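Engineer: Have a look at this one before I ask anything.
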Protein chains: 2
Amino acid sequence: MLVKNLLGARYKETPKDCVIASHALMMKGGYMKYMSAGSYSLFAPTKRITNKVEKIIREEMDRVGGQEVLFPVVMPATIWEESGRYTSIGSEMARFTDRNNAKMVLGMTHEEAAVHMARDIAASYTDYPFMIYQIQTKFRDEPRARGGLIRVREFTMKDAYSFHTTQKDLEEYYDKCFVAYERIFKRAGAKNVVAVKSDSGMMGGKISHEFMLLTDIGEDTLAICSNCDYRANMEVADCITHEIESVKEDLTTVATPNVKTIEGLKRVLGVEPTNMCKAVVYQENATDDYVVVFIRGDLEVNETKLRNYLKTEVHPASGISEESGIVAGFIGPVGFNGKAKVVFDKSLMGIESFVCGANQVGYHLKGMNIARDVGEVEYVEVAKAYNGGICPICGKPTITLKRGVEIGNIFQLGTKYTESMNMTYVDSDGERKHPIMGCYGIGVGRLVATICEEQHDDYGPIWPISIAPWQVEICCLQSTDENVKQVSDKLYEDLTKSGVEVLYDERDIRAGAMFADADLLGVPVRAVVSRKTCERGVVEISFRDKTFKGEVALDTACQDIVKIVNELKEKFEI
Amino acid sequence: MLVKNLLGARYKETPKDCVIASHALMMKGGYMKYMSAGSYSLFAPTKRITNKVEKIIREEMDRVGGQEVLFPVVMPATIWEESGRYTSIGSEMARFTDRNNAKMVLGMTHEEAAVHMARDIAASYTDYPFMIYQIQTKFRDEPRARGGLIRVREFTMKDAYSFHTTQKDLEEYYDKCFVAYERIFKRAGAKNVVAVKSDSGMMGGKISHEFMLLTDIGEDTLAICSNCDYRANMEVADCITHEIESVKEDLTTVATPNVKTIEGLKRVLGVEPTNMCKAVVYQENATDDYVVVFIRGDLEVNETKLRNYLKTEVHPASGISEESGIVAGFIGPVGFNGKAKVVFDKSLMGIESFVCGANQVGYHLKGMNIARDVGEVEYVEVAKAYNGGICPICGKPTITLKRGVEIGNIFQLGTKYTESMNMTYVDSDGERKHPIMGCYGIGVGRLVATICEEQHDDYGPIWPISIAPWQVEICCLQSTDENVKQVSDKLYEDLTKSGVEVLYDERDIRAGAMFADADLLGVPVRAVVSRKTCERGVVEISFRDKTFKGEVALDTACQDIVKIVNELKEKFEI
């Protein structure tokens with residue numbers, strides 16, 4: 001491919017709306033064009049990259065026995081009504097009515113389609129297990145589209161669905177897919193990927209993992225133990241607290257006019273936040289009913305855990321009404337009379353003496369002891385894990401919080417969909433049962449953008465050779481010089497014939513401008529041909545990641561470059 | 001791949017709603033599952049086939065300098081409003097409103113997206129020509145979905161868009177794409193494909209061709225000259241009529257009570273339909289205004305030509321009102337006073353004497369001469385071509401009508417989209433101009449279904465090896481026999497290692513059932529291993545298309561089969 005024929009502008013200025021590097025570089029490098037919120041057209045370099053990612057995914061899915069299929073993007077609402085998700089999913093699902101007035105939806109995931117495909121035919125236990133996958137366009141009417149290809153509304157996704165007759169069989173297969181995912185990300189060149197336990201959210205099911213690429217721009221926070229293998233998404237990470245020194249005291253009421261914050265109380269009363277019992281107020285989305293969470297003063301509420309405990313969606317209270325009887329700023333568990341559900345976080349356990357609100361404007365309590373002053377309460381874990389917290393596996397205070405982008409996920413779905421959609425098979429014992437499902441997703445574009453985020457410099461992306469749009473870029477400086485041009489042309493032709501994917505820049509432009517474009521295109525191996533190199537009978541070779549710079553003899557340039565490329569490819573099993 | 005692991009049921013009964021063979025066979029063979037009107041999930045064999053078709057398409061598009069890109073499926077209405085097609089296209093375009101109340105559409109074609117991608121960057125004549133293409137899901141809310149994958153609402157399409165600075169450059173590129181299309185269809189194994197001139201319809205532009213696979217189940221009718229190269233879609237085919245003998249006569253009125261048809265008039269008056277001037281009444285869709293077409297009695301009106309002449313959509317009159325002054329059944333051009341546009345077809349030219357309606361209930365005219373009795377009229381060609389009509393190229397009466405399915409189309413679009421969407425470039429003369437576009441489509445699923453329609457027998461599809469889901473199927477009869485099973489397993493392993501795509505059936509079922517399934521899967525080369533063949537030290541080889549049946553020695557079976565496969569592949573340049 002000649003650079004001069006490549007559609008797409010490359011430029012220096014960072015577009016104003018780009019706040020992360022990968023987004024900016026992929027805009028400046030002519031990789032994508034904004035069409036509407038969370039929706040981009042992809043230029044040839046990006047399509048070449050995604051085609052390679054998709055090929056790696058196919059190979060690894062096939063390796064674990066997957067069968068590639070294709071489900072429709074547009075589906076009838078009826079199958080989503082069967083599973084119950086037509087109503088349980090909100091406005092992120094795009095819906096329309098077709099010419100026959102039938103309700104249709106755009107697929108944001110395809111569990112329903114997978115069950116629909118398989119339910120009439122996998123009728124006997126001998127038909128199991130099996131796994132079907134597709135690589136297909138999805139649309140999610142995402143309210144927070146941002147970060148270029150990292151969070152979009154329309155995207156290409158590999159989604160896989162496995163069906164099993166026993167939980168054990170699912171678990172074994174789940175482990176295989178886990179390994180397949182590790183292989184996919186490794187082969188695609190992603191470096192800092194960790195798998196974390198996660199919340200299953202709208203997918204249902206119990207056990208699930210997210211594959212996270214660690215990067216500061218990540219939207220997810222992960223709790224990672226630096227001493228052992230424990231890793232979890234903040235949403236589900238256990239919060240195990242340090243022991244706190246405290247001595248039982250008498251309960252006393254203290255005047256604290258206008259002191260409503262943890263910081264204020266610390267200043268006024270000289271008590272550490274760890275010895276305070278803080279109240280955080282939520283409302284249930286469905287009813288606006290209040291939920292008061294009592295939690296240790298230094299900790300925060302994990303809303304996912306709270307939602308899972310309450311089995312309903314909640315949001316931070318938008319305001320506290322007078323008739324609720326809740327005294328904002330001075331809420332405490334002793335004599336609490338507000339109209340609200342009350343939740344006690346586990347972090348309060350074992351502490352003998354707290355400062356807390358007195359449920360009276362301008363007053364707090366000191367020396368509050370829950371068992372003595374409140375009575376027996378149920379403790380629930382709804383606190384966020386924190387830096388330096390205790391690892392639930394190794395017990396060391398070595399929890400570190402890191403940020404990451406989710407590039408894949410795997411779920412043990414159980415029978416949520418096969419039950420609701422009435423998919424059954426006859427087991428070896430003659431009984432009719434619902435198969436057990438797993439599902440496995442990877443967002444192709446997001447993976448690409450995240451790798452760019454992880455591997456770039458100020459000048460452009462540094463694509464791993466396994467997914468790079470081309471393997472070698474030939475820069476022909478002084479292409480107006482007939483000899484230089486001939487040498488370059490021949491190298492381009494020879495390399496292409498040898499099966500190397502070559503991008504060839506023979507435009508009559510300044511070397512600086514040519515190299516700037518090459519940096520933006522991020523091709524791993526660069527071969528420079530110029531008057532100088534021709535005179536010396538060499539071709540200059542450098543790697544985009546700066547790990548190598550050298551020369552090869554012009555006579556053997558083609559073979560030498562082929563060898564270099566093959567060595568680079570080997571690492572990725574390409 | 002083991003047949004026993006392949007998801008999809010194969011069965012004998014033809015589903016009731018299948019009226020064409022390819023649809024029935026692809027349902028019976030476990031290729032697809034109906035989800036909603038015109039929408040199917042595709043099982044692994046179909047996906048393997050379409051992946052191969054897509055690979056061939058990519059290779060040929062790349063060969064003519066195409067760059068693969070990807071446009072969104074969901075597009076903002078705004079870019080369709082720019083081109084004017086948001087209103088000009090009717091209910092076949094699916095529309096919805098997103099969470100921000102923005103109007104969105106599902107892409108049924110991507111001219112707007114192509115211009116949107118290119119318009120900011122191809123600013124100089126030196127950036128031209130270029131061609132971008134994608135292979136992507138499209139949705140058309142088709143009222144007449146039928147025939148399995150032949151006419152669906154959701155489908156995968158390759159659509160390409162080229163941009164040029166001169167009409168000559170477009171024409172040269174158009175010719176290249178024409179050849180690329182011929183290569184694609186040949187390599188995919190389609191046999192009876194012809195390119196015909198066609199009507200550009202909603203795409204705009206002047207010159208266009210459809211690639212038609214000739215088959216009796218085709219919805220399109222083609223006029224093909226059996227003497228020369230002339231081929232055209234009926235919609236645009238010239239209708240050149242034979243000379244008709246006729247002698248000038250006096251105009252007389254004859255009573256023809258209750259005789260309103262051509263047949264009736266022939267019986268009553270003894271005049272041939274070629275010597276009658278028939279009236280066909282239409283209404284304009286927008287206004288319901290009447291249009292009366294006078295045409296020779298033996299010919300039919302070509303509504304596409306009529307629409308193009310009138311520059312508005314029309315439909316056969318749903319009834320004729322009294323106030324229109326049109327006397328249904330007795331309409332004639334002499335003294336016609338109806339409220340209607342009148343169109344005279346070219347077929348009436350040069351005939352001296354007609355029978356026609358007298359615009360009076362119960363009466364016709366004889367001896368009507370248009371020049372004498374009506375005056376000077378404009379003749380327009382709005383008649384359908386007919387079997388035995390005269391070829392506009394070679395002049396012989398050798399037009400034959402055949403039926404075909406459109407499997408691809410190419411259009412010279414001109415500046416319809418670049419003008420309406422204001423895409424310009426600066427030409428070498430310094431002037432700002434609109435680039436000239438071409439576009440080029442292929443429906444992947446339809447191509448596959450049409451090849452199945454063309455190449456099948458009663459027992460299943462006969463896939464060309466270039467697109468077959470697998471190249472070889474090993475049928476292991478008596479798989480319970482340890483030796484037979486071992487021999488088969490080894491052949492499967494060896495062939496797979498040699499890079500052959502093998503489907504392996506080692507189920508413990510009757511030979512008849514196994515062969516029936518194999519017929520439905522349509523794999524080109526079958527290798528049968530059984531107790532009998534093992535005893536004789538051979539493997540039985542047969543081709544699905546019945547052109548070969550023989551044996552190879554067990555010792556050399558792998559090499560021999562590889563050789564056979566390679567020979568078959570060569571024909572398709574695979």
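A note on labels: chains of the structure tokens are A, B, ... as shown, every chain counts residues from 1, and ligands are counted from 1 in their shown order.
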Give me, as a VMD selection string, the contact residues of chain A against chain B at a cut-off of 6 Å, counting only C-alpha atoms.
Structural biologist: chain A and resid 9 41 to 44 47 67 to 71 96 121
Engineer: Export N, CA and C atoms of the chosen residues as a PDB file, in the first residue's frame?
Structural biologist:
ATOM      1  N   ALA A   9      -6.368  11.858   6.868  1.00  0.00           N
ATOM      2  CA  ALA A   9      -5.414  12.951   7.089  1.00  0.00           C
ATOM      3  C   ALA A   9      -4.640  12.702   8.370  1.00  0.00           C
ATOM      4  N   SER A  41     -16.565   6.231  11.921  1.00  0.00           N
ATOM      5  CA  SER A  41     -16.156   5.459  10.755  1.00  0.00           C
ATOM      6  C   SER A  41     -14.677   5.146  10.937  1.00  0.00           C
ATOM      7  N   LEU A  42     -14.288   3.946  10.547  1.00  0.00           N
ATOM      8  CA  LEU A  42     -12.900   3.525  10.713  1.00  0.00           C
ATOM      9  C   LEU A  42     -12.187   3.521   9.375  1.00  0.00           C
ATOM     10  N   PHE A  43     -11.040   4.168   9.323  1.00  0.00           N
ATOM     11  CA  PHE A  43     -10.237   4.176   8.105  1.00  0.00           C
ATOM     12  C   PHE A  43      -9.463   2.857   7.965  1.00  0.00           C
ATOM     13  N   ALA A  44      -8.823   2.716   6.801  1.00  0.00           N
ATOM     14  CA  ALA A  44      -8.161   1.454   6.468  1.00  0.00           C
ATOM     15  C   ALA A  44      -7.161   0.960   7.523  1.00  0.00           C
ATOM     16  N   LYS A  47      -9.103  -0.703  10.232  1.00  0.00           N
ATOM     17  CA  LYS A  47      -9.765  -1.932   9.792  1.00  0.00           C
ATOM     18  C   LYS A  47      -8.740  -3.053   9.654  1.00  0.00           C
ATOM     19  N   GLN A  67     -17.663 -22.656  17.611  1.00  0.00           N
ATOM     20  CA  GLN A  67     -18.181 -22.642  16.244  1.00  0.00           C
ATOM     21  C   GLN A  67     -18.613 -21.223  15.931  1.00  0.00           C
ATOM     22  N   GLU A  68     -18.074 -20.643  14.875  1.00  0.00           N
ATOM     23  CA  GLU A  68     -18.487 -19.278  14.543  1.00  0.00           C
ATOM     24  C   GLU A  68     -19.853 -19.283  13.869  1.00  0.00           C
ATOM     25  N   VAL A  69     -20.744 -18.453  14.379  1.00  0.00           N
ATOM     26  CA  VAL A  69     -22.086 -18.315  13.816  1.00  0.00           C
ATOM     27  C   VAL A  69     -22.333 -16.820  13.606  1.00  0.00           C
ATOM     28  N   LEU A  70     -23.541 -16.476  13.194  1.00  0.00           N
ATOM     29  CA  LEU A  70     -23.874 -15.056  13.088  1.00  0.00           C
ATOM     30  C   LEU A  70     -25.333 -14.851  13.472  1.00  0.00           C
ATOM     31  N   PHE A  71     -25.548 -13.971  14.443  1.00  0.00           N
ATOM     32  CA  PHE A  71     -26.901 -13.629  14.848  1.00  0.00           C
ATOM     33  C   PHE A  71     -27.281 -12.288  14.213  1.00  0.00           C
ATOM     34  N   PHE A  96     -37.111   0.048  17.963  1.00  0.00           N
ATOM     35  CA  PHE A  96     -37.934   0.702  16.952  1.00  0.00           C
ATOM     36  C   PHE A  96     -39.054  -0.236  16.533  1.00  0.00           C
ATOM     37  N   ILE A 121     -32.697 -27.650  18.956  1.00  0.00           N
ATOM     38  CA  ILE A 121     -31.876 -28.705  18.364  1.00  0.00           C
ATOM     39  C   ILE A 121     -30.988 -29.440  19.350  1.00  0.00           C
TER      40      ILE A 121
END
Engineer: Neighbours of Gly550 of chain A within 8 Å (only C-alpha atoms; same-chain residues fewer than 2 positions away dropped), as JSON, numbers by chain?
Structural biologist: {"A": [540, 541, 542, 548, 552]}
Engineer: Excluding same-chain residues fewer than 4 positions from segment 433-445 of chain A, what lies within 6 Å of it counting only C-alpha atoms, as a list in words?
Structural biologist: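 Within the cut-off, the hits are Leu149, Thr156, Met157, Lys158, Asp159, Ala160, Tyr161, Ser162, Phe163, His164, Thr165, Gly408, Asn409, Ile410, Phe411, Gln412, Leu413, Gly414, Thr415, Thr418, Met423, Thr424 and Tyr425 of chain A.
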Engineer: Write the residues of the selection above to a file with C-alpha atoms, as a PDB file, in the first residue's frame.
Structural biologist:
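part.pdb was written with the following content:
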ATOM      1  CA  LEU A 149     -13.079   3.836  20.722  1.00  0.00           C
ATOM      2  CA  THR A 156     -17.716  -4.780  17.029  1.00  0.00           C
ATOM      3  CA  MET A 157     -17.801  -7.481  19.639  1.00  0.00           C
ATOM      4  CA  LYS A 158     -16.890 -11.114  19.853  1.00  0.00           C
ATOM      5  CA  ASP A 159     -19.510 -12.755  21.969  1.00  0.00           C
ATOM      6  CA  ALA A 160     -19.513 -16.452  22.764  1.00  0.00           C
ATOM      7  CA  TYR A 161     -22.075 -18.676  24.463  1.00  0.00           C
ATOM      8  CA  SER A 162     -21.416 -22.125  25.866  1.00  0.00           C
ATOM      9  CA  PHE A 163     -24.014 -24.677  26.928  1.00  0.00           C
ATOM     10  CA  HIS A 164     -23.453 -27.456  29.467  1.00  0.00           C
ATOM     11  CA  THR A 165     -25.286 -30.171  31.324  1.00  0.00           C
ATOM     12  CA  GLY A 408     -13.081  -8.713  28.033  1.00  0.00           C
ATOM     13  CA  ASN A 409     -15.364 -10.548  30.379  1.00  0.00           C
ATOM     14  CA  ILE A 410     -16.498 -14.061  31.071  1.00  0.00           C
ATOM     15  CA  PHE A 411     -19.609 -15.086  32.968  1.00  0.00           C
ATOM     16  CA  GLN A 412     -21.025 -18.244  34.423  1.00  0.00           C
ATOM     17  CA  LEU A 413     -24.635 -17.492  33.595  1.00  0.00           C
ATOM     18  CA  GLY A 414     -26.299 -20.545  35.049  1.00  0.00           C
ATOM     19  CA  THR A 415     -29.834 -21.208  33.803  1.00  0.00           C
ATOM     20  CA  THR A 418     -32.464 -21.355  29.448  1.00  0.00           C
ATOM     21  CA  MET A 423     -34.667 -24.458  26.630  1.00  0.00           C
ATOM     22  CA  THR A 424     -34.501 -28.038  27.800  1.00  0.00           C
ATOM     23  CA  TYR A 425     -32.748 -31.295  27.023  1.00  0.00           C
TER      24      TYR A 425
END
Engineer: Give the answer as one residue: which of B:Gly332, B:Gly395, B:Gly148, B:Gly189 has the shortest atom-to-atom distance to Phe354 of chain B, using only C-alpha atoms?
Structural biologist: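 Of B:Gly332, B:Gly395, B:Gly148, B:Gly189, the one nearest Phe354 of chain B, counting only C-alpha atoms, is B:Gly332.
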Engineer: Quick one: residues within 10 Å of Ala371 of chain B, only C-alpha atoms, excluding same-chain residues fewer than 6 positions away - as an mmCIF file with C-alpha atoms, in the first residue's frame?
Structural biologist:
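Writing done, so here's result-v6.cif:
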data_model
loop_
_atom_site.group_PDB
_atom_site.id
_atom_site.type_symbol
_atom_site.label_atom_id
_atom_site.label_comp_id
_atom_site.auth_asym_id
_atom_site.auth_seq_id
_atom_site.Cartn_x
_atom_site.Cartn_y
_atom_site.Cartn_z
ATOM 1 C CA MET B 349 -45.324 4.403 -34.818
ATOM 2 C CA GLY B 350 -45.593 3.528 -38.463
ATOM 3 C CA ILE B 351 -48.804 1.519 -38.221
ATOM 4 C CA GLU B 352 -51.437 2.860 -40.597
ATOM 5 C CA VAL B 377 -47.998 13.168 -31.064
#
Engineer: If you run DSSP on the backbone here, which positions in segment 321-527 of chain A get strand (DSSP E)? Please write them as a PyMOL selection string.
Structural biologist: chain A and resi 340-345+354-357+363-368+379-380+399-414+425-426+432-433+436-443+456-457+460-461+472-476+502-505+525-527
Engineer: Which residues are near Leu214 of chain B? Cut-off 12 Å, only C-alpha atoms, ignore same chain within fewer than 3 positions. Put them as a PyMOL selection string.
Structural biologist: chain B and resi 190-196+210-211+217-224+231+233+401-407+450-451+453-455
Engineer: Go ahead and write the selection's residues with C-alpha atoms as a short mmCIF file (atom, residue, chain, number, x, y, z; two decimals), in the first residue's frame.
Structural biologist:
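Final file, again_25.cif:
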data_model
loop_
_atom_site.label_atom_id
_atom_site.label_comp_id
_atom_site.auth_asym_id
_atom_site.auth_seq_id
_atom_site.Cartn_x
_atom_site.Cartn_y
_atom_site.Cartn_z
CA ALA B 190 -21.21 -19.08 -9.63
CA LYS B 191 -21.69 -20.39 -13.15
CA ASN B 192 -24.42 -18.60 -15.07
CA VAL B 193 -23.72 -14.98 -14.31
CA VAL B 194 -24.39 -12.21 -16.80
CA ALA B 195 -24.01 -8.48 -16.44
CA VAL B 196 -26.96 -6.45 -17.64
CA GLU B 210 -26.46 -5.62 -12.45
CA PHE B 211 -24.74 -8.95 -12.23
CA ILE B 217 -36.57 -18.59 -9.48
CA GLY B 218 -35.18 -15.12 -10.21
CA GLU B 219 -37.41 -12.12 -9.53
CA ASP B 220 -35.84 -10.08 -12.29
CA THR B 221 -36.46 -10.57 -15.98
CA LEU B 222 -33.62 -9.99 -18.39
CA ALA B 223 -33.59 -9.34 -22.09
CA ILE B 224 -30.69 -11.25 -23.56
CA ARG B 231 -28.04 -7.95 -22.08
CA ASN B 233 -32.64 -5.80 -17.19
CA LEU B 401 -36.29 -13.21 -21.84
CA LYS B 402 -34.69 -15.01 -18.93
CA ARG B 403 -35.05 -14.82 -15.19
CA GLY B 404 -32.23 -13.98 -12.81
CA VAL B 405 -31.30 -13.01 -9.28
CA GLU B 406 -29.25 -9.87 -8.83
CA ILE B 407 -26.08 -10.81 -6.98
CA THR B 450 -28.10 -18.19 -5.27
CA ILE B 451 -25.11 -20.46 -5.80
CA GLU B 453 -30.01 -22.53 -6.01
CA GLU B 454 -27.84 -23.00 -9.10
CA GLN B 455 -25.83 -25.93 -7.79
#
Engineer: Provide the atom CA of Arg531 of chain A to atom CA of Val484 of chain A distance in Å, to one decimal place.
Structural biologist: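 A separation of 6.0 Å between them.
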Engineer: Which residue, B:Glu263, B:Asp373, B:Glu573, B:Glu323, has the smallest gap to Gly335 of chain B when you use only C-alpha atoms?
Structural biologist: B:Asp373
Engineer: I'd like the contact shell of segment 515-526 of chain A - 9 Å cut-off, only C-alpha atoms, skipping same-chain residues fewer than 6 positions apart - returned as an MDAnalysis selection string.
Structural biologist: chainID A and resid 10:12 25:26 28:31 45 456:457 459:465 468:475 503 505 540:545 561 564:565
Engineer: So that I can check the secondary structure, give me every residue of segment 422-533 of chain B assigned helix (DSSP H, G or I) by backbone DSSP, as a ChimeraX atom specification.
Structural biologist: /B:444-454,482-497,511-521,531-533
Engineer: Fewer than 2 positions away in the same chain doesn't count, so skip those; otherwise give me all residues within 10 Å of Glu300 of chain B, counting only C-alpha atoms, as a short mmCIF file (atom, residue, chain, number, x, y, z; two decimals) with C-alpha atoms, in the first residue's frame.
Structural biologist:
data_model
loop_
_atom_site.label_atom_id
_atom_site.label_comp_id
_atom_site.auth_asym_id
_atom_site.auth_seq_id
_atom_site.Cartn_x
_atom_site.Cartn_y
_atom_site.Cartn_z
CA LYS B 278 -54.53 -0.46 -26.27
CA VAL B 280 -53.40 1.21 -19.97
CA ILE B 295 -49.51 1.05 -26.59
CA ARG B 296 -49.70 -1.68 -29.22
CA GLY B 297 -52.23 -4.34 -28.23
CA ASP B 298 -49.73 -7.20 -27.90
CA ASN B 302 -42.69 -1.15 -18.59
CA GLU B 303 -43.45 0.77 -15.42
CA VAL B 382 -42.46 2.71 -22.43
CA ALA B 383 -43.03 -0.87 -23.66
CA LYS B 384 -41.54 -4.01 -22.21
CA ALA B 385 -39.09 -5.99 -24.30
CA TYR B 386 -40.49 -9.34 -25.42
#
Engineer: Under the rule that only C-alpha atoms are counted, which of B:Gly430, B:Thr253, B:Asn369, B:Glu322 is the nearest residue to Gly357 of chain B?
Structural biologist: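 For Gly357 of chain B, the nearest of the given residues is B:Thr253.
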Engineer: In terms of the shortest atom-to-atom distance over only C-alpha atoms, which of A:Ser498, A:Ser22, A:Ser420, A:Thr480 is closest to Leu447 of chain A?
Structural biologist: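 When distances to Leu447 of chain A are compared using only C-alpha atoms, the smallest one comes from A:Ser22.
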Engineer: Just to confirm, what's the straight-line distance from atom CA of Ala255 of chain A to atom CA of Gln283 of chain A in Å (one decimal)?
Structural biologist: 28.8 Å
